[in-house]
$ cat target.cif   # mmCIF, C-alpha atoms
data_upload
loop_
_atom_site.label_atom_id
_atom_site.label_comp_id
_atom_site.auth_asym_id
_atom_site.auth_seq_id
_atom_site.Cartn_x
_atom_site.Cartn_y
_atom_site.Cartn_z
CA MET A 533 -75.35 55.74 39.21
CA SER A 534 -72.02 55.41 37.49
CA ALA A 535 -70.59 53.69 40.58
CA LEU A 536 -73.16 50.93 40.14
CA ALA A 537 -72.34 50.78 36.42
CA ILE A 538 -68.62 50.43 37.13
CA ALA A 539 -69.28 47.71 39.71
CA LEU A 540 -71.44 45.74 37.27
CA ILE A 541 -68.92 46.03 34.45
CA LEU A 542 -66.03 44.99 36.71
CA ALA A 543 -68.02 41.97 37.92
CA GLY A 544 -68.72 41.07 34.29
CA LEU A 545 -65.02 41.40 33.42
CA PHE A 546 -64.19 39.07 36.31
CA PHE A 547 -66.36 36.32 34.81
CA LEU A 548 -64.91 36.94 31.34
CA VAL A 549 -61.40 36.50 32.78
CA VAL A 550 -62.49 33.31 34.58
CA ALA A 551 -63.87 32.00 31.28
CA ALA A 552 -60.53 32.74 29.59
CA ILE A 553 -58.67 30.92 32.40
CA GLY A 554 -61.08 28.02 31.95
CA MET A 555 -60.33 27.88 28.24
CA LEU A 556 -56.65 27.43 29.09
CA ARG A 557 -56.98 25.07 32.06
CA LEU A 558 -59.69 22.67 30.91
CA PRO A 559 -58.52 19.59 29.03
CA ASP A 560 -60.69 19.06 25.93
CA VAL A 561 -63.21 20.61 23.54
CA PHE A 562 -66.25 19.51 25.56
CA THR A 563 -65.13 21.02 28.85
CA ARG A 564 -63.84 24.15 27.13
CA CYS A 565 -67.29 24.74 25.68
CA HIS A 566 -68.60 24.92 29.25
CA ALA A 567 -66.13 27.70 30.00
CA LEU A 568 -67.38 29.47 26.88
CA SER A 569 -70.95 29.40 28.14
CA LEU A 570 -69.82 31.32 31.21
CA THR A 571 -69.02 34.33 29.01
CA ASP A 572 -72.59 34.88 27.87
CA SER A 573 -74.49 33.75 30.96
CA LEU A 574 -72.85 36.13 33.40
CA GLY A 575 -69.94 37.91 31.71
CA ALA A 576 -71.72 39.59 28.82
CA PHE A 577 -74.89 39.96 30.88
CA LEU A 578 -73.19 41.93 33.65
CA VAL A 579 -71.16 44.09 31.27
CA LEU A 580 -74.26 44.95 29.23
CA ALA A 581 -76.29 45.54 32.39
CA GLY A 582 -73.58 47.96 33.52
CA LEU A 583 -73.75 49.78 30.19
CA ALA A 584 -77.54 49.91 30.43
CA VAL A 585 -77.36 51.47 33.90
CA TYR A 586 -74.77 53.95 32.68
CA GLN A 587 -76.93 54.91 29.68
CA GLY A 588 -80.09 55.48 31.65
CA PHE A 589 -83.38 55.29 29.82
CA SER A 590 -82.82 55.99 26.13
CA LEU A 591 -82.89 54.34 22.75
CA ASN A 592 -79.49 52.81 23.43
CA LEU A 593 -81.04 50.88 26.31
CA LEU A 594 -83.34 49.13 23.83
CA LYS A 595 -80.37 48.40 21.58
CA ILE A 596 -78.52 46.83 24.50
CA LEU A 597 -81.55 44.65 25.22
CA VAL A 598 -81.61 43.50 21.59
CA VAL A 599 -77.92 42.59 21.79
CA LEU A 600 -78.49 40.70 25.04
CA MET A 601 -81.40 38.78 23.57
CA LEU A 602 -79.32 37.85 20.51
CA ILE A 603 -76.45 36.63 22.71
CA TYR A 604 -78.79 34.46 24.78
CA LEU A 605 -80.31 33.01 21.61
CA LEU A 606 -77.12 32.45 19.63
CA ASN A 607 -74.63 31.26 22.22
CA PRO A 608 -76.44 27.96 23.00
CA VAL A 609 -76.71 27.32 19.27
CA ILE A 610 -72.95 27.69 18.83
CA ALA A 611 -72.15 25.55 21.88
CA HIS A 612 -74.58 22.85 20.74
CA ALA A 613 -73.22 22.85 17.17
CA THR A 614 -69.63 22.54 18.42
CA ILE A 615 -70.45 19.67 20.78
CA ARG A 616 -72.51 17.82 18.20
CA ALA A 617 -69.76 18.17 15.59
CA ALA A 618 -67.23 16.84 18.13
CA LEU A 619 -69.47 13.88 19.03
CA ARG A 620 -70.18 13.02 15.40
CA SER A 621 -66.53 13.12 14.44
CA GLY A 622 -65.91 10.47 17.07
CA LEU A 623 -64.22 12.45 19.82
CA ARG A 624 -64.71 10.97 23.26
CA PRO A 625 -64.94 13.17 26.36
CA TRP A 626 -61.84 13.48 28.48
CA ARG A 627 -61.88 11.41 31.67
CA ARG A 628 -59.64 11.58 34.68
CA GLU A 629 -57.23 8.67 34.69
CA SER A 630 -58.36 6.21 37.36
CA PRO A 631 -55.47 5.46 39.75
CA MET B 189 -100.68 36.69 -6.74
CA LEU B 190 -99.41 38.08 -3.47
CA LYS B 191 -101.27 36.47 -0.61
CA VAL B 192 -100.93 38.35 2.66
CA THR B 193 -101.43 36.18 5.73
CA MET B 194 -101.64 36.99 9.41
CA GLU B 195 -98.30 35.28 9.96
CA MET B 196 -96.62 37.58 7.43
CA LEU B 197 -98.04 40.66 9.11
CA LEU B 198 -96.79 39.52 12.51
CA LYS B 199 -93.30 38.87 11.11
CA THR B 200 -93.34 42.27 9.41
CA ALA B 201 -94.31 43.97 12.67
CA ALA B 202 -91.54 42.19 14.62
CA LEU B 203 -88.89 43.06 12.02
CA PHE B 204 -90.11 46.64 11.79
CA ILE B 205 -89.85 47.15 15.55
CA ILE B 206 -86.24 45.93 15.46
CA TRP B 207 -85.58 48.26 12.51
CA LEU B 208 -86.94 51.21 14.48
CA ILE B 209 -84.82 50.36 17.52
CA LEU B 210 -81.63 49.93 15.50
CA SER B 211 -82.04 52.93 13.20
CA GLY B 212 -83.22 55.36 15.87
CA THR B 213 -84.53 58.03 13.49
CA SER B 214 -88.06 59.08 12.59
CA HIS B 215 -87.19 60.39 9.14
CA PRO B 216 -90.08 59.44 6.81
CA PHE B 217 -87.79 58.01 4.11
CA ASN B 218 -85.99 55.85 6.68
CA VAL B 219 -89.20 54.60 8.28
CA GLY B 220 -90.79 53.90 4.89
CA LEU B 221 -87.72 51.99 3.71
CA GLY B 222 -87.82 49.94 6.92
CA LEU B 223 -91.47 49.11 6.42
CA VAL B 224 -90.88 47.96 2.83
CA ALA B 225 -87.75 45.98 3.77
CA SER B 226 -89.51 44.27 6.72
CA PHE B 227 -92.39 43.27 4.52
CA VAL B 228 -90.15 41.91 1.76
CA VAL B 229 -88.15 39.84 4.25
CA ALA B 230 -91.36 38.51 5.85
CA TRP B 231 -92.71 37.69 2.40
CA LEU B 232 -89.53 35.87 1.34
CA ASN B 233 -89.65 33.87 4.58
CA SER B 234 -93.28 32.83 4.29
CA GLY B 235 -94.45 29.41 3.28
CA HIS B 236 -92.27 27.39 5.61
CA ALA B 237 -93.66 24.60 7.73
CA ASP B 238 -95.37 25.72 10.91
CA SER B 239 -93.03 26.58 13.72
CA PRO B 240 -93.31 24.26 16.73
CA PHE B 241 -93.34 27.36 18.90
CA ARG B 242 -96.71 28.48 17.66
CA LEU B 243 -98.48 27.19 20.76
CA VAL B 244 -96.10 28.33 23.46
CA PRO B 245 -98.12 29.46 26.48
CA ALA B 246 -96.59 32.89 26.91
CA LEU B 247 -97.72 33.60 30.44
CA ARG B 248 -96.34 30.44 32.05
CA MET B 249 -93.22 30.95 29.92
CA LEU B 250 -92.73 34.36 31.56
CA TRP B 251 -92.83 32.60 34.90
CA TYR B 252 -90.34 29.94 33.79
CA LEU B 253 -87.65 32.25 32.36
CA PRO B 254 -86.76 34.04 35.65
CA TRP B 255 -86.46 30.65 37.36
CA LEU B 256 -84.13 29.46 34.60
CA PHE B 257 -82.10 32.64 34.93
CA GLY B 258 -81.70 32.00 38.66
CA ARG B 259 -80.41 28.48 37.92
CA ILE B 260 -78.04 29.92 35.29
CA VAL B 261 -76.54 32.33 37.82
CA GLN B 262 -76.16 29.54 40.40
CA SER B 263 -74.43 27.14 38.05
CA SER B 264 -72.24 29.97 36.73
CA LEU B 265 -70.95 30.51 40.25
CA HIS B 266 -70.43 26.75 40.66
CA LEU B 267 -68.51 26.65 37.37
CA THR B 268 -66.38 29.63 38.41
CA ALA B 269 -65.46 27.84 41.63
CA LEU B 270 -64.54 24.71 39.64
CA ILE B 271 -62.31 26.57 37.18
CA LEU B 272 -60.49 28.55 39.86
CA HIS B 273 -60.01 25.53 42.13
CA PRO B 274 -56.30 24.61 42.18
CA ALA B 275 -56.99 20.88 41.76
CA LEU B 276 -59.53 21.38 38.92
CA PRO B 277 -62.00 18.86 40.41
CA ILE B 278 -63.99 18.10 37.26
CA ALA B 279 -65.48 14.75 36.30
CA PRO B 280 -66.97 15.10 32.80
CA THR B 281 -69.64 12.60 31.83
CA LEU B 282 -72.04 11.98 28.99
CA ILE B 283 -75.61 11.64 30.24
CA TYR B 284 -78.03 9.73 28.03
CA TYR B 285 -81.24 11.34 29.11
CA ARG B 286 -84.63 9.99 28.13
CA THR B 287 -87.28 12.66 28.49
CA ARG B 288 -90.98 12.10 29.02
CA LEU B 289 -91.91 15.33 27.30
CA GLN B 290 -94.03 14.82 24.20
CA SER B 291 -94.32 17.95 22.08
CA GLN B 292 -91.50 19.16 19.88
CA ALA B 293 -91.58 22.66 21.35
CA ALA B 294 -91.15 21.30 24.88
CA ILE B 295 -88.15 19.18 23.87
CA VAL B 296 -86.57 22.12 22.04
CA LEU B 297 -87.02 24.25 25.15
CA LEU B 298 -85.51 21.50 27.31
CA GLY B 299 -82.46 21.15 25.06
CA ASN B 300 -81.99 24.90 24.90
CA SER B 301 -82.33 25.33 28.66
CA ILE B 302 -79.73 22.61 29.22
CA THR B 303 -77.27 24.28 26.87
CA LEU B 304 -77.95 27.75 28.28
CA THR B 305 -77.09 26.54 31.79
CA PRO B 306 -73.31 26.57 32.23
CA GLY B 307 -71.90 23.13 32.95
CA THR B 308 -74.27 21.17 30.73
CA ILE B 309 -74.51 21.13 26.93
CA THR B 310 -76.90 19.17 24.74
CA GLY B 311 -75.03 17.23 22.08
CA GLU B 312 -77.57 15.17 20.19
CA VAL B 313 -81.34 15.01 20.21
CA ASN B 314 -82.94 11.84 18.81
CA GLU B 315 -86.70 11.94 19.26
CA GLN B 316 -86.93 11.75 23.05
CA GLU B 317 -83.34 10.90 23.90
CA LEU B 318 -80.88 13.69 24.63
CA VAL B 319 -77.13 13.24 24.82
CA VAL B 320 -75.88 15.75 27.38
CA HIS B 321 -72.29 16.51 28.33
CA ALA B 322 -71.98 17.56 31.97
CA LEU B 323 -68.85 19.00 33.54
CA ASP B 324 -69.40 17.30 36.87
CA GLU B 325 -72.11 15.55 38.81
CA GLU B 326 -73.53 18.66 40.42
CA SER B 327 -73.86 20.46 37.07
CA GLY B 328 -76.20 17.76 35.83
CA HIS B 329 -78.15 17.65 39.06
CA ASP B 330 -81.23 19.53 37.83
CA LEU B 331 -81.37 17.12 34.94
CA THR B 332 -80.92 13.82 36.73
CA THR B 333 -83.47 14.75 39.37
CA ARG B 334 -85.86 15.62 36.51
CA ARG B 335 -86.48 18.99 38.09
CA LEU B 336 -85.86 20.91 34.86
CA GLU B 337 -88.13 18.57 32.93
CA GLN B 338 -90.94 19.02 35.42
CA LYS B 339 -90.73 22.79 35.17
CA ILE B 340 -91.00 22.62 31.39
CA ALA B 341 -93.82 20.10 31.62
CA HIS B 342 -95.64 22.60 33.77
CA VAL B 343 -95.13 25.33 31.15
CA PHE B 344 -96.69 23.12 28.47
CA GLN B 345 -99.14 21.40 30.86
CA GLU B 346 -97.81 17.94 30.01
CA GLN B 347 -97.73 14.85 32.18
CA THR B 348 -94.34 13.50 33.21
CA SER B 349 -95.17 11.41 36.26
CA SER B 350 -94.42 7.76 35.64
CA GLU B 351 -97.50 5.66 35.30
#
$ encode --input "target.cif" --output "structure tokens"
Amino acid sequence: MSALAIALILAGLFFLVVAAIGMLRLPDVFTRCHALSLTDSLGAFLVLAGLAVYQGFSLNLLKILVVLMLIYLLNPVIAHATIRAALRSGLRPWRRESP
Amino acid sequence: MLKVTMEMLLKTAALFIIWLILSGTSHPFNVGLGLVASFVVAWLNSGHADSPFRLVPALRMLWYLPWLFGRIVQSSLHLTALILHPALPIAPTLIYYRTRLQSQAAIVLLGNSITLTPGTITGEVNEQELVVHALDEESGHDLTTRRLEQKIAHVFQEQTSSE
């Protein structure tokens, strides 16, 4: 049981690290927001799933589900608000220089 | 005078369940306090305009969410490959997407699904036009082929085929 939990948490950490690399490598606010959305969609999901497996069936399992639901509700709101603010303040998306 | 509506009772029940999960005790004082607090919060939040999500067909929604989750996992893997690729082969674009969905709830669900999927984020929503930022062409593929829209139209039983 705990082997599965460890595997899930490590997989989640991998996606969190990839998201952090994306934050550094990507060029502008729009593309960086995409990297951010990787943290909740797979990173946090896998880590929390690992914790849920580790916990087994208990009250804490329900708490983890509440946290997961909140993350899936709130993260799109934050990403959308950031992108809309960037668009409204006149930022244009980064484009690769055409040769 | 205090007017108790069905909506208030439903909100109270939802808040109370969350209270029970988070507190985790069955002490009578704690439970009673939670009941009172849930009701007061539901009462303070009553009297708003009707939520557009009142008429969401729950059963077809339960069918839609696993499909969306599958797409989220797929595009997460695609995004991971993009970020780790040495040449960083991204081609960000703004997509001006005109949807054929009619109801407000359907458009909200469309915008939220787009944002929830890694690689695409909804920027603006004006009536039926959505401004979507996509990281590359493949990320926006579900959108440009109208596949996502058709799934949501099926949830709400709306027509999207061009006449």
$ closest_atom_pairs --input "target.cif" --of "chain A" --to "chain B" --cutoff "9 Å" --atoms "all atoms listed in the file" --output "tab-separated table"
residue	atom	partner	partner_atom	distance
A:Phe547	CA	B:Thr268	CA	7.6
A:Val550	CA	B:Thr268	CA	6.6
A:Ala551	CA	B:Thr268	CA	7.9
A:Ile553	CA	B:Ile271	CA	7.4
A:Gly554	CA	B:Ile271	CA	5.6
A:Arg557	CA	B:Ile271	CA	7.5
A:Leu558	CA	B:Ile271	CA	7.8
A:Phe562	CA	B:His321	CA	7.3
A:Thr563	CA	B:Leu323	CA	6.3
A:Cys565	CA	B:Ile309	CA	8.2
A:His566	CA	B:Gly307	CA	5.3
A:Ala567	CA	B:Pro306	CA	7.6
A:Leu568	CA	B:Pro306	CA	8.5
A:Ser569	CA	B:Pro306	CA	5.5
A:Leu570	CA	B:Pro306	CA	6.0
A:Asp572	CA	B:Leu304	CA	8.9
A:Ser573	CA	B:Ile260	CA	6.8
A:Leu574	CA	B:Val261	CA	6.9
A:Leu591	CA	B:Ile209	CA	6.8
A:Asn592	CA	B:Ile209	CA	8.3
A:Leu594	CA	B:Ile209	CA	6.6
A:Lys595	CA	B:Ile209	CA	6.3
A:Val598	CA	B:Ile206	CA	8.1
A:Tyr604	CA	B:Leu304	CA	7.6
A:Leu605	CA	B:Leu304	CA	8.8
A:Asn607	CA	B:Leu304	CA	7.8
A:Pro608	CA	B:Thr303	CA	5.4
A:Val609	CA	B:Asn300	CA	8.1
A:Ala611	CA	B:Ile309	CA	7.1
A:His612	CA	B:Gly311	CA	5.8
A:Ala613	CA	B:Gly311	CA	7.7
A:Thr614	CA	B:Gly311	CA	8.4
A:Ile615	CA	B:Gly311	CA	5.3
A:Arg616	CA	B:Gly311	CA	4.7
A:Ala617	CA	B:Gly311	CA	8.4
A:Ala618	CA	B:Gly311	CA	8.8
A:Leu619	CA	B:Gly311	CA	7.2
A:Pro625	CA	B:Pro280	CA	7.0
A:Trp626	CA	B:Pro280	CA	6.9
A:Arg627	CA	B:Pro280	CA	6.4
A:Arg628	CA	B:Ala279	CA	6.8
$ residues_around --input "target.cif" --residues "Ala539 (chain A)" --least-positions-apart "5" --cutoff "12 Å" --atoms "only C-alpha atoms" --output "JSON, numbers by chain"
{"A": [533, 534, 544, 545, 546, 578, 579, 580, 581, 582, 583, 585, 586]}
$ write_last_selection --input "target.cif" --atoms "C-alpha atoms" --output "compact mmCIF listing (two decimals), in the coordinates of the input"
# COMPACT_ATOMS: atom_id res chain seq x y z
CA MET A 533 -75.35 55.74 39.21
CA SER A 534 -72.02 55.41 37.49
CA GLY A 544 -68.72 41.07 34.29
CA LEU A 545 -65.02 41.40 33.42
CA PHE A 546 -64.19 39.07 36.31
CA LEU A 578 -73.19 41.93 33.65
CA VAL A 579 -71.16 44.09 31.27
CA LEU A 580 -74.26 44.95 29.23
CA ALA A 581 -76.29 45.54 32.39
CA GLY A 582 -73.58 47.96 33.52
CA LEU A 583 -73.75 49.78 30.19
CA VAL A 585 -77.36 51.47 33.90
CA TYR A 586 -74.77 53.95 32.68
$ atom_distance --input "target.cif" --atom1 "CA of Ala275 (chain B)" --atom2 "CA of Val561 (chain A)"
19.3 Å
$ atom_distance --input "target.cif" --atom1 "CA of Arg286 (chain B)" --atom2 "CA of Gln316 (chain B)"
5.8 Å
$ resolve_selection --input "target.cif" --expression "the PyMOL selection byres ((chain B and resi 331) around 10)" --output "list in words"
Ile283, Tyr285, Thr287, Leu298, Ile302, Thr308, Val320, Ala322, Glu326, Ser327, Gly328, His329, Asp330, Thr332, Thr333, Arg334, Arg335, Leu336, Glu337 and Gln338 of chain B
$ resolve_selection --input "target.cif" --expression "the PyMOL selection byres ((chain B and resi 199) around 12)" --output "mmCIF file with C-alpha atoms, keeping the file's coordinate frame"
data_model
loop_
_atom_site.group_PDB
_atom_site.id
_atom_site.type_symbol
_atom_site.label_atom_id
_atom_site.label_comp_id
_atom_site.auth_asym_id
_atom_site.auth_seq_id
_atom_site.Cartn_x
_atom_site.Cartn_y
_atom_site.Cartn_z
ATOM 1 C CA VAL B 192 -100.930 38.350 2.660
ATOM 2 C CA THR B 193 -101.430 36.180 5.730
ATOM 3 C CA MET B 194 -101.640 36.990 9.410
ATOM 4 C CA GLU B 195 -98.300 35.280 9.960
ATOM 5 C CA MET B 196 -96.620 37.580 7.430
ATOM 6 C CA LEU B 197 -98.040 40.660 9.110
ATOM 7 C CA LEU B 198 -96.790 39.520 12.510
ATOM 8 C CA THR B 200 -93.340 42.270 9.410
ATOM 9 C CA ALA B 201 -94.310 43.970 12.670
ATOM 10 C CA ALA B 202 -91.540 42.190 14.620
ATOM 11 C CA LEU B 203 -88.890 43.060 12.020
ATOM 12 C CA PHE B 204 -90.110 46.640 11.790
ATOM 13 C CA ILE B 205 -89.850 47.150 15.550
ATOM 14 C CA ILE B 206 -86.240 45.930 15.460
ATOM 15 C CA LEU B 223 -91.470 49.110 6.420
ATOM 16 C CA ALA B 225 -87.750 45.980 3.770
ATOM 17 C CA SER B 226 -89.510 44.270 6.720
ATOM 18 C CA PHE B 227 -92.390 43.270 4.520
ATOM 19 C CA VAL B 228 -90.150 41.910 1.760
ATOM 20 C CA VAL B 229 -88.150 39.840 4.250
ATOM 21 C CA ALA B 230 -91.360 38.510 5.850
ATOM 22 C CA TRP B 231 -92.710 37.690 2.400
ATOM 23 C CA LEU B 232 -89.530 35.870 1.340
ATOM 24 C CA ASN B 233 -89.650 33.870 4.580
ATOM 25 C CA SER B 234 -93.280 32.830 4.290
#
